[in-house]
Amino acid sequence: MGKSSKVPTIESKALSIAIKRAMATRDMKVKPLAEASGVPYGTLRRILELNTVADYE
């Protein structure tokens with residue numbers, strides 16, 4: 001059997017786009033954003049690449 005993958009939701013896509021836009025506006029890369037926000041780098045990267053479904057809580 002192959003790996004099961006989650007299909008990105010509309011909300012996940014919208015979150016990824018919003019974060020990317022905010023990063024572009026501030027000329028910020030993923031690692032500094034992770035450090036400033038307290039979100040682990042790997043988690044943030046997976047959210048941006050749509051490899052996970054973000055927990056909004």
# chains A, B, ... in the order shown; residues from 1 in each chain; ligands from 1
call {"tool": "residues_around", "arguments": {"residues": "A:Val53", "least_positions_apart": "3", "cutoff": "9 Å", "atoms": "only C-alpha atoms", "output": "NGL selection string"}}
result
:A and (6-9 or 11-12 or 46-47 or 50)
call {"tool": "write_last_selection", "arguments": {"atoms": "C-alpha atoms", "output": "JSON list (two decimals), in the first residue's frame"}}
result
[["chain", "number", "residue", "atom", "x", "y", "z"],
["A", 6, "LYS", "CA", -4.32, 14.53, 2.74],
["A", 7, "VAL", "CA", -5.92, 16.66, 0.09],
["A", 8, "PRO", "CA", -5.34, 20.35, 0.85],
["A", 9, "THR", "CA", -8.55, 22.15, 1.77],
["A", 11, "GLU", "CA", -8.78, 26.95, 3.91],
["A", 12, "SER", "CA", -5.28, 25.43, 3.85],
["A", 46, "ARG", "CA", 4.64, 21.97, 5.55],
["A", 47, "ILE", "CA", 1.80, 24.50, 5.78],
["A", 50, "LEU", "CA", 0.41, 22.25, 1.51]]
call {"tool": "closest_residue", "arguments": {"among": "A:Asp27, A:Lys13, A:Arg21, A:Ala54", "to": "A:Val39", "atoms": "only C-alpha atoms"}}
result
A:Ala54
call {"tool": "atom_distance", "arguments": {"atom1": "atom CA of A:Met28", "atom2": "atom CA of A:Arg45"}}
result
13.4 Å
call {"tool": "closest_residue", "arguments": {"among": "A:Lys29, A:Met23, A:Ala34, A:Ile17", "to": "A:Glu49", "atoms": "only C-alpha atoms"}}
result
A:Ile17
call {"tool": "select_by_dssp", "arguments": {"residues": "chain A", "states": "helix (DSSP H, G or I)", "output": "number ranges by chain"}}
result
A: 10-25, 30-37, 41-48
call {"tool": "residues_around", "arguments": {"residues": "A:Leu33", "least_positions_apart": "2", "cutoff": "12 Å", "atoms": "only C-alpha atoms", "output": "ChimeraX atom specification"}}
result
/A:19-20,22-24,26-31,35-45,48
call {"tool": "write_last_selection", "arguments": {"atoms": "N, CA, C and O atoms", "output": "compact mmCIF listing (two decimals), in the first residue's frame"}}
result
# COMPACT_ATOMS: atom_id res chain seq x y z
N ILE A 19 -0.02 33.69 4.11
CA ILE A 19 1.30 33.74 4.75
C ILE A 19 2.37 34.14 3.73
O ILE A 19 3.23 34.97 4.02
N LYS A 20 2.31 33.57 2.54
CA LYS A 20 3.29 33.90 1.50
C LYS A 20 3.22 35.38 1.12
O LYS A 20 4.25 36.02 0.92
N ALA A 22 2.15 37.86 3.06
CA ALA A 22 2.68 38.63 4.19
C ALA A 22 4.20 38.55 4.22
O ALA A 22 4.87 39.55 4.50
N MET A 23 4.75 37.38 3.93
CA MET A 23 6.20 37.22 3.90
C MET A 23 6.80 38.08 2.79
O MET A 23 7.83 38.74 3.00
N ALA A 24 6.17 38.11 1.62
CA ALA A 24 6.68 38.90 0.49
C ALA A 24 6.64 40.39 0.82
O ALA A 24 7.58 41.13 0.52
N ARG A 26 6.88 41.77 3.65
CA ARG A 26 7.89 42.09 4.67
C ARG A 26 9.28 41.62 4.28
O ARG A 26 10.22 41.71 5.06
N ASP A 27 9.41 41.07 3.06
CA ASP A 27 10.68 40.54 2.57
C ASP A 27 11.27 39.57 3.60
O ASP A 27 12.41 39.69 4.01
N MET A 28 10.45 38.62 4.04
CA MET A 28 10.83 37.69 5.10
C MET A 28 10.89 36.27 4.57
O MET A 28 10.07 35.88 3.74
N LYS A 29 11.83 35.52 5.05
CA LYS A 29 11.98 34.11 4.69
C LYS A 29 11.30 33.24 5.75
O LYS A 29 10.90 33.71 6.80
N VAL A 30 11.19 31.94 5.45
CA VAL A 30 10.47 31.02 6.33
C VAL A 30 11.12 30.90 7.71
O VAL A 30 10.44 30.96 8.73
N LYS A 31 12.43 30.73 7.75
CA LYS A 31 13.10 30.51 9.04
C LYS A 31 12.92 31.70 9.99
O LYS A 31 12.54 31.51 11.15
N GLU A 35 10.84 31.65 13.63
CA GLU A 35 11.43 32.11 14.89
C GLU A 35 10.58 33.22 15.52
O GLU A 35 10.34 33.22 16.72
N ALA A 36 10.13 34.17 14.70
CA ALA A 36 9.35 35.30 15.21
C ALA A 36 7.96 34.88 15.68
O ALA A 36 7.43 35.45 16.63
N SER A 37 7.39 33.87 15.03
CA SER A 37 6.02 33.48 15.34
C SER A 37 5.92 32.38 16.39
O SER A 37 4.85 32.17 16.97
N GLY A 38 7.01 31.67 16.60
CA GLY A 38 6.98 30.56 17.55
C GLY A 38 6.44 29.27 16.95
O GLY A 38 6.26 28.28 17.64
N VAL A 39 6.16 29.28 15.65
CA VAL A 39 5.71 28.07 14.95
C VAL A 39 6.96 27.33 14.50
O VAL A 39 7.84 27.92 13.87
N PRO A 40 7.06 26.04 14.81
CA PRO A 40 8.25 25.30 14.38
C PRO A 40 8.47 25.40 12.87
O PRO A 40 7.52 25.38 12.08
N TYR A 41 9.75 25.53 12.48
CA TYR A 41 10.11 25.69 11.07
C TYR A 41 9.50 24.59 10.19
O TYR A 41 8.93 24.88 9.15
N GLY A 42 9.62 23.35 10.61
CA GLY A 42 9.10 22.23 9.81
C GLY A 42 7.59 22.32 9.62
O GLY A 42 7.08 22.05 8.53
N THR A 43 6.89 22.71 10.66
CA THR A 43 5.44 22.86 10.58
C THR A 43 5.07 23.98 9.61
O THR A 43 4.20 23.81 8.76
N LEU A 44 5.74 25.11 9.73
CA LEU A 44 5.46 26.24 8.85
C LEU A 44 5.76 25.88 7.40
O LEU A 44 4.98 26.18 6.50
N ARG A 45 6.86 25.20 7.18
CA ARG A 45 7.22 24.79 5.82
C ARG A 45 6.16 23.85 5.23
O ARG A 45 5.75 24.01 4.08
N LEU A 48 3.10 25.85 4.24
CA LEU A 48 3.33 26.62 3.02
C LEU A 48 3.36 25.72 1.78
O LEU A 48 2.93 26.13 0.71
